[in-house]
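First comes the structure, then the notes that go with it.
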Amino acid sequence: MKKLRTQTVSFGLTALVSFSGCISSEKDRSPARAENRSIGCGTMNYPADSAENGFVVLDVLQPTKLSRNSNKVIQPLMCPEDQAKVKDLNLKPYNPLFKFVEDQQTVAKKTKNRNRQKIKEEPWGGENLDVTNIQDAEKLAKILQRYIFEGWFDADKTQGKTQYESHFRSNSLRTWCNTPWLNVTEKGREAIHGLTKEFPIRSTHVYTVPRDVEMTEDAVTWGISFFNKPVCGEYANFFNEKNAMLPTITDMRPQFKSPDGGLAFKLLFNTMPDWQNQMRGQWTSSSSDLKAYNWWTHVSHARQDDGKTAHDESIRELSNVALVQIDISLKDSRLKGTNPLLKNWIMLTYYFDPNFKNEYLADMNIPEPLKYMRPVGLQYGLGAGESHIFEGSRNNHLLKRLPMGDSLPPELDRYSTRLNGPVDNINGSCLGCHAAAGLRFNVGPMMKTSKHPPMTFLSNQDYMAFLKDMKKHPGITGDFDFNMQLDKAMRNFVNRNRPKEQKLEEAPK
């Protein structure tokens with residue numbers, strides 16, 4: 001396997017990398033696929049596990065120059081048959097939103113657009129909401145859902161905003177940004193929409209997955225997160241090679257703090273083959289006249305390649321993927337009922353339900369399927385009873401992970417459950433997972449052998465006990481303020497020039 005040509009290490013845009021397309025792997029294993037799917041190329045077509053520059057996309061659609069000052073070129077990794085399909089579908093490359101601070105002219109234009117449409121910068125402000133009150137929580141869930149959809153579809157001039165591939169690329173109303181250093185490994189950003197790889201889907205109380213798909217883990221979730229202006233402003237400082245952040249990351253003690261009003265949302269898509277038929281009634285309506293919002297992406301279907309089979313399970317191919325979940329995180333001490341221990345974060349999650357239509361979005365000129373993203377609930381604490389599950393919604397949480405293929409017990413009641421995403425680890429929770437951001441930066445404290453296993457903060461007391469233990473061992477962890485994207489990105493940064501045997505692995509989930 002060809003390797004990256006390394007240059008002097010840099011944190012910013014000046015570092016260089018050269019990459020060759022469709023690189024032969026050492027084992028040259030063919031992709032793991034269903035028999036009715038095209039085999040394509042049997043070579044590694046995803047980024048290598050390290051790179052000098054986290055601000056470039058390594059999975060490109062055409063030869064791409066690294067910078068104005070460089071002659072280095074990144075070559076496409078995509079296999080020829082998929083390159084041809086990209087042209088047929090007229091797909092465009094992912095252009096990351098790494099401009100953390102926009103120029104005054106752009107900011108003024110967006111402010112003018114908001115004023116003309118009578119849209120607030122922070123529409124939840126001034127509503128006097130209490131997140132411990134379920135009626136207020138449901139109102140906030142609808143306000144935030146509207147907030148994250150505003151301004152993304154102006155470039156699409158079609159009736160009903162049906163040009164899905166043009167969406168979520170630029171925003172006419174607000175500043176949004178993405179996280180750099182998520183471009184490497186089999187999980188690294190893909191070429192068309194910048195999705196990164198997560199985990200296989202399993203049957204939950206929300207979605208019932210075909211048994212063969214679940215058992216073979218042949219349906220992986222990929223996602224992309226967007227951060228609003230307050231967070232982007234902090235990113236401008238964090239990702240600055242001239243400030244003190246670089247040595248703190250190298251020394252494994254980084255710190256990051258989002259300001260009040262900091263918000264992130266994540267779009268989660270699933271790669272299940274033939275999802276329109278396999279998930280009929282769930283990701284499509286029973287009559288198939290309504291289908292989940294979807295994109296064409298360059299992704300792999302199966303779980304991450306562990307080398308245990310004769311197939312390379314991370315070979316990517318051009319695939320149509322369905323939007324099945326949206327997550328929203330908001331930090332705001334001005335909201336009543338938020339918990340200072342959790343730094344005033346709340347989390348919400350949504351899923352596609354063809355039998356539900358959000359009337360709060362009825363007047364929005366957005367793609368119709370997005371109006372069917374149903375709010376599950378809102379979480380404001382780690383413990384049981386500190387999550388609201390809205391009437392008619394289904395939640396994905398059990399205290400114990402079940403063996404693959406086992407039948408699910410009844411859903412936990414509102415006073416026993418914790419909010420958890422439809423395609424997430426069933427015995428975790430939204431806040432319980434994100435509370436570990438940075439705490440797992442040094443993998444040791446969060447391994448399964450630890451008395452604080454990963455993703456199992458099931459009470460505020462458990463979390464406090466963990467933080468107390470960490471104070472006894474200074475210098476072994478960092479704090480990314482519930483931002484799991486940074487947890488992954490900084491692991492990539494630390495690993496960028498380490499030999500394989502010294503690389504930090506992700507803590508198990």
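Naming scheme: A, B, ... for chains in displayed order of the structure tokens; residues 1 onward per chain; ligands 1 onward as shown.
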
Might you pull out every residue within 6 Å of stretch 483-490 of chain A, with only C-alpha atoms counted and same-chain residues fewer than 4 positions away left off, and present them as a PDB file with N, CA and C atoms, in the first residue's frame?
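Result saved to selection.pdb:
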ATOM      1  N   TRP A 181      -9.942  17.743  10.618  1.00  0.00           N
ATOM      2  CA  TRP A 181      -9.248  16.581  11.146  1.00  0.00           C
ATOM      3  C   TRP A 181     -10.164  15.356  11.291  1.00  0.00           C
ATOM      4  N   LEU A 182     -11.185  15.277  10.430  1.00  0.00           N
ATOM      5  CA  LEU A 182     -12.017  14.076  10.368  1.00  0.00           C
ATOM      6  C   LEU A 182     -11.913  13.454   8.981  1.00  0.00           C
ATOM      7  N   HIS A 434     -21.936  12.113  25.128  1.00  0.00           N
ATOM      8  CA  HIS A 434     -21.182  13.342  24.876  1.00  0.00           C
ATOM      9  C   HIS A 434     -20.465  13.861  26.114  1.00  0.00           C
ATOM     10  N   ALA A 437     -16.713  13.346  25.976  1.00  0.00           N
ATOM     11  CA  ALA A 437     -15.879  13.993  24.952  1.00  0.00           C
ATOM     12  C   ALA A 437     -14.642  14.603  25.601  1.00  0.00           C
ATOM     13  N   GLY A 438     -13.479  14.135  25.195  1.00  0.00           N
ATOM     14  CA  GLY A 438     -12.232  14.607  25.789  1.00  0.00           C
ATOM     15  C   GLY A 438     -11.793  13.738  26.939  1.00  0.00           C
TER      16      GLY A 438
END

Selection near stretch 253-270 of chain A, 6 Å with only C-alpha atoms, sequence-local residues under 3 positions removed, as a PyMOL selection string:
chain A and resi 220-228+230-231+248-249+321-332+475+477-481

Go ahead and dump the residues you just picked, N, CA and C atoms, as a PDB file, in the first residue's frame.
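Writing the result to selection_10.pdb gives the following:
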ATOM      1  N   VAL A 220     -24.493   0.561   7.744  1.00  0.00           N
ATOM      2  CA  VAL A 220     -23.771   1.433   8.670  1.00  0.00           C
ATOM      3  C   VAL A 220     -24.300   2.860   8.555  1.00  0.00           C
ATOM      4  N   THR A 221     -24.283   3.568   9.679  1.00  0.00           N
ATOM      5  CA  THR A 221     -24.690   4.961   9.697  1.00  0.00           C
ATOM      6  C   THR A 221     -23.494   5.866   9.437  1.00  0.00           C
ATOM      7  N   TRP A 222     -23.688   6.889   8.602  1.00  0.00           N
ATOM      8  CA  TRP A 222     -22.695   7.924   8.332  1.00  0.00           C
ATOM      9  C   TRP A 222     -23.335   9.275   8.637  1.00  0.00           C
ATOM     10  N   GLY A 223     -22.554  10.236   9.128  1.00  0.00           N
ATOM     11  CA  GLY A 223     -23.147  11.513   9.502  1.00  0.00           C
ATOM     12  C   GLY A 223     -22.247  12.705   9.268  1.00  0.00           C
ATOM     13  N   ILE A 224     -22.849  13.886   9.363  1.00  0.00           N
ATOM     14  CA  ILE A 224     -22.094  15.135   9.290  1.00  0.00           C
ATOM     15  C   ILE A 224     -22.700  16.116  10.284  1.00  0.00           C
ATOM     16  N   SER A 225     -21.836  16.826  11.004  1.00  0.00           N
ATOM     17  CA  SER A 225     -22.274  17.799  12.002  1.00  0.00           C
ATOM     18  C   SER A 225     -21.976  19.218  11.550  1.00  0.00           C
ATOM     19  N   PHE A 226     -22.854  20.127  11.949  1.00  0.00           N
ATOM     20  CA  PHE A 226     -22.704  21.559  11.681  1.00  0.00           C
ATOM     21  C   PHE A 226     -22.780  22.310  13.008  1.00  0.00           C
ATOM     22  N   PHE A 227     -21.935  23.340  13.140  1.00  0.00           N
ATOM     23  CA  PHE A 227     -21.870  24.116  14.372  1.00  0.00           C
ATOM     24  C   PHE A 227     -22.203  25.571  14.072  1.00  0.00           C
ATOM     25  N   ASN A 228     -22.911  26.222  15.007  1.00  0.00           N
ATOM     26  CA  ASN A 228     -23.347  27.594  14.747  1.00  0.00           C
ATOM     27  C   ASN A 228     -22.268  28.615  15.086  1.00  0.00           C
ATOM     28  N   PRO A 230     -21.468  30.880  17.482  1.00  0.00           N
ATOM     29  CA  PRO A 230     -20.704  30.910  18.724  1.00  0.00           C
ATOM     30  C   PRO A 230     -19.616  29.833  18.784  1.00  0.00           C
ATOM     31  N   VAL A 231     -19.933  28.627  18.330  1.00  0.00           N
ATOM     32  CA  VAL A 231     -18.941  27.551  18.336  1.00  0.00           C
ATOM     33  C   VAL A 231     -17.871  27.814  17.284  1.00  0.00           C
ATOM     34  N   THR A 248      -0.867  21.979  23.975  1.00  0.00           N
ATOM     35  CA  THR A 248      -1.729  21.291  24.935  1.00  0.00           C
ATOM     36  C   THR A 248      -2.299  20.017  24.338  1.00  0.00           C
ATOM     37  N   ILE A 249      -2.552  20.029  23.029  1.00  0.00           N
ATOM     38  CA  ILE A 249      -3.018  18.812  22.371  1.00  0.00           C
ATOM     39  C   ILE A 249      -1.900  17.784  22.342  1.00  0.00           C
ATOM     40  N   VAL A 321     -28.250   7.003   0.262  1.00  0.00           N
ATOM     41  CA  VAL A 321     -28.418   6.765   1.690  1.00  0.00           C
ATOM     42  C   VAL A 321     -29.573   7.597   2.236  1.00  0.00           C
ATOM     43  N   ALA A 322     -30.261   7.056   3.232  1.00  0.00           N
ATOM     44  CA  ALA A 322     -31.471   7.675   3.777  1.00  0.00           C
ATOM     45  C   ALA A 322     -31.174   8.418   5.075  1.00  0.00           C
ATOM     46  N   LEU A 323     -31.737   9.622   5.206  1.00  0.00           N
ATOM     47  CA  LEU A 323     -31.641  10.376   6.458  1.00  0.00           C
ATOM     48  C   LEU A 323     -32.607   9.760   7.466  1.00  0.00           C
ATOM     49  N   VAL A 324     -32.064   9.182   8.532  1.00  0.00           N
ATOM     50  CA  VAL A 324     -32.901   8.453   9.493  1.00  0.00           C
ATOM     51  C   VAL A 324     -32.905   9.089  10.877  1.00  0.00           C
ATOM     52  N   GLN A 325     -31.985  10.028  11.136  1.00  0.00           N
ATOM     53  CA  GLN A 325     -31.897  10.618  12.472  1.00  0.00           C
ATOM     54  C   GLN A 325     -31.263  12.002  12.380  1.00  0.00           C
ATOM     55  N   ILE A 326     -31.719  12.920  13.216  1.00  0.00           N
ATOM     56  CA  ILE A 326     -31.084  14.226  13.398  1.00  0.00           C
ATOM     57  C   ILE A 326     -30.895  14.431  14.893  1.00  0.00           C
ATOM     58  N   ASP A 327     -29.711  14.855  15.293  1.00  0.00           N
ATOM     59  CA  ASP A 327     -29.424  15.197  16.685  1.00  0.00           C
ATOM     60  C   ASP A 327     -29.158  16.691  16.802  1.00  0.00           C
ATOM     61  N   ILE A 328     -29.596  17.288  17.897  1.00  0.00           N
ATOM     62  CA  ILE A 328     -29.308  18.695  18.187  1.00  0.00           C
ATOM     63  C   ILE A 328     -28.772  18.800  19.603  1.00  0.00           C
ATOM     64  N   SER A 329     -27.681  19.547  19.772  1.00  0.00           N
ATOM     65  CA  SER A 329     -27.109  19.844  21.088  1.00  0.00           C
ATOM     66  C   SER A 329     -27.103  21.348  21.276  1.00  0.00           C
ATOM     67  N   LEU A 330     -27.510  21.812  22.444  1.00  0.00           N
ATOM     68  CA  LEU A 330     -27.549  23.247  22.743  1.00  0.00           C
ATOM     69  C   LEU A 330     -27.017  23.494  24.140  1.00  0.00           C
ATOM     70  N   LYS A 331     -26.095  24.450  24.246  1.00  0.00           N
ATOM     71  CA  LYS A 331     -25.580  24.893  25.544  1.00  0.00           C
ATOM     72  C   LYS A 331     -26.097  26.298  25.803  1.00  0.00           C
ATOM     73  N   ASP A 332     -26.879  26.459  26.880  1.00  0.00           N
ATOM     74  CA  ASP A 332     -27.414  27.785  27.161  1.00  0.00           C
ATOM     75  C   ASP A 332     -27.872  27.865  28.621  1.00  0.00           C
ATOM     76  N   GLY A 475      -3.259  15.497  33.843  1.00  0.00           N
ATOM     77  CA  GLY A 475      -2.412  15.404  32.653  1.00  0.00           C
ATOM     78  C   GLY A 475      -2.670  14.212  31.777  1.00  0.00           C
ATOM     79  N   THR A 477      -5.879  13.528  30.460  1.00  0.00           N
ATOM     80  CA  THR A 477      -7.100  13.688  29.689  1.00  0.00           C
ATOM     81  C   THR A 477      -7.339  15.151  29.379  1.00  0.00           C
ATOM     82  N   GLY A 478      -8.329  15.413  28.543  1.00  0.00           N
ATOM     83  CA  GLY A 478      -8.683  16.783  28.193  1.00  0.00           C
ATOM     84  C   GLY A 478     -10.167  17.000  28.396  1.00  0.00           C
ATOM     85  N   ASP A 479     -10.659  18.118  27.901  1.00  0.00           N
ATOM     86  CA  ASP A 479     -12.083  18.424  28.037  1.00  0.00           C
ATOM     87  C   ASP A 479     -12.534  19.124  26.770  1.00  0.00           C
ATOM     88  N   PHE A 480     -13.447  18.483  26.037  1.00  0.00           N
ATOM     89  CA  PHE A 480     -13.940  19.051  24.791  1.00  0.00           C
ATOM     90  C   PHE A 480     -15.382  19.533  24.913  1.00  0.00           C
ATOM     91  N   ASP A 481     -15.859  19.727  26.150  1.00  0.00           N
ATOM     92  CA  ASP A 481     -17.153  20.362  26.392  1.00  0.00           C
ATOM     93  C   ASP A 481     -18.275  19.727  25.576  1.00  0.00           C
TER      94      ASP A 481
END

How many Å lie between atom CA of A:Glu190 and atom CA of A:Tyr207, rounded to one decimal?
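That distance, rounded to one decimal, is 25.6 Å.
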
Counting only C-alpha atoms, the residue of A:Pro499, A:Pro369, A:Gly405, A:Gly337 that sits nearest A:Leu129:
A:Gly337

Can you tell me, as a PyMOL selection string, which residues in stretch 30-267 of chain A count as helix (DSSP H, G or I) by DSSP?
chain A and resi 80-89+104-117+134-149+164-166+211-216+229-238+245-250

Spatial neighbours of A:Ala435, 10 Å, only C-alpha atoms, chain gap at least 3 places, as a list in words
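Here the qualifying residues turn out to be Leu342, Lys343, Trp345, Leu382, Ser429, Cys430, Leu431, Gly432, Gly438, Leu439, Arg440, Met455, Thr456, Phe457, Tyr463, Asp479, Phe480, Asp481, Phe482, Asn483 and Met484 of chain A.
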
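By chain and then residue number, the residues within 12 Å of A:Met464 are Pro340, Leu341, Leu342, Leu382, Ala435, Ala436, His452, Phe457, Leu458, Ser459, Asn460, Gln461, Leu467, Lys468, Asp469, Met470 and Lys471 of chain A, counting only C-alpha atoms and disregarding those fewer than 3 positions away in sequence.
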
Writing out the chosen residues with N, CA and C atoms as a PDB file, in the first residue's frame:
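Okay, this is what ended up in part_5.pdb:
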ATOM      1  N   PRO A 340     -25.762  22.939  35.607  1.00  0.00           N
ATOM      2  CA  PRO A 340     -24.381  23.427  35.539  1.00  0.00           C
ATOM      3  C   PRO A 340     -23.350  22.302  35.553  1.00  0.00           C
ATOM      4  N   LEU A 341     -23.641  21.175  36.225  1.00  0.00           N
ATOM      5  CA  LEU A 341     -22.722  20.049  36.231  1.00  0.00           C
ATOM      6  C   LEU A 341     -22.450  19.572  34.813  1.00  0.00           C
ATOM      7  N   LEU A 342     -23.493  19.616  33.970  1.00  0.00           N
ATOM      8  CA  LEU A 342     -23.385  19.206  32.575  1.00  0.00           C
ATOM      9  C   LEU A 342     -23.131  20.410  31.675  1.00  0.00           C
ATOM     10  N   LEU A 382     -28.523  13.318  33.292  1.00  0.00           N
ATOM     11  CA  LEU A 382     -28.074  11.965  32.976  1.00  0.00           C
ATOM     12  C   LEU A 382     -28.957  10.884  33.567  1.00  0.00           C
ATOM     13  N   ALA A 435     -20.908  13.434  27.304  1.00  0.00           N
ATOM     14  CA  ALA A 435     -20.203  13.823  28.524  1.00  0.00           C
ATOM     15  C   ALA A 435     -18.775  13.300  28.530  1.00  0.00           C
ATOM     16  N   ALA A 436     -18.516  12.251  27.736  1.00  0.00           N
ATOM     17  CA  ALA A 436     -17.182  11.651  27.694  1.00  0.00           C
ATOM     18  C   ALA A 436     -16.253  12.313  26.687  1.00  0.00           C
ATOM     19  N   HIS A 452     -15.218   2.971  35.215  1.00  0.00           N
ATOM     20  CA  HIS A 452     -16.117   3.891  34.530  1.00  0.00           C
ATOM     21  C   HIS A 452     -16.139   3.522  33.052  1.00  0.00           C
ATOM     22  N   PHE A 457     -22.562   6.669  31.514  1.00  0.00           N
ATOM     23  CA  PHE A 457     -22.897   7.633  32.560  1.00  0.00           C
ATOM     24  C   PHE A 457     -24.421   7.663  32.677  1.00  0.00           C
ATOM     25  N   LEU A 458     -24.945   6.936  33.654  1.00  0.00           N
ATOM     26  CA  LEU A 458     -26.387   6.794  33.784  1.00  0.00           C
ATOM     27  C   LEU A 458     -26.960   7.633  34.921  1.00  0.00           C
ATOM     28  N   SER A 459     -26.122   8.432  35.565  1.00  0.00           N
ATOM     29  CA  SER A 459     -26.610   9.342  36.599  1.00  0.00           C
ATOM     30  C   SER A 459     -25.632  10.498  36.734  1.00  0.00           C
ATOM     31  N   ASN A 460     -26.098  11.610  37.255  1.00  0.00           N
ATOM     32  CA  ASN A 460     -25.217  12.740  37.515  1.00  0.00           C
ATOM     33  C   ASN A 460     -24.173  12.361  38.562  1.00  0.00           C
ATOM     34  N   GLN A 461     -24.545  11.509  39.518  1.00  0.00           N
ATOM     35  CA  GLN A 461     -23.621  11.088  40.563  1.00  0.00           C
ATOM     36  C   GLN A 461     -22.468  10.267  39.983  1.00  0.00           C
ATOM     37  N   LEU A 467     -15.384  12.423  37.370  1.00  0.00           N
ATOM     38  CA  LEU A 467     -14.608  13.660  37.356  1.00  0.00           C
ATOM     39  C   LEU A 467     -13.703  13.754  38.584  1.00  0.00           C
ATOM     40  N   LYS A 468     -14.204  13.304  39.717  1.00  0.00           N
ATOM     41  CA  LYS A 468     -13.403  13.319  40.947  1.00  0.00           C
ATOM     42  C   LYS A 468     -12.188  12.403  40.811  1.00  0.00           C
ATOM     43  N   ASP A 469     -12.404  11.223  40.225  1.00  0.00           N
ATOM     44  CA  ASP A 469     -11.291  10.299  40.005  1.00  0.00           C
ATOM     45  C   ASP A 469     -10.256  10.884  39.049  1.00  0.00           C
ATOM     46  N   MET A 470     -10.719  11.608  38.052  1.00  0.00           N
ATOM     47  CA  MET A 470      -9.806  12.177  37.073  1.00  0.00           C
ATOM     48  C   MET A 470      -8.894  13.241  37.687  1.00  0.00           C
ATOM     49  N   LYS A 471      -9.379  13.925  38.700  1.00  0.00           N
ATOM     50  CA  LYS A 471      -8.556  14.947  39.353  1.00  0.00           C
ATOM     51  C   LYS A 471      -7.355  14.330  40.072  1.00  0.00           C
TER      52      LYS A 471
END
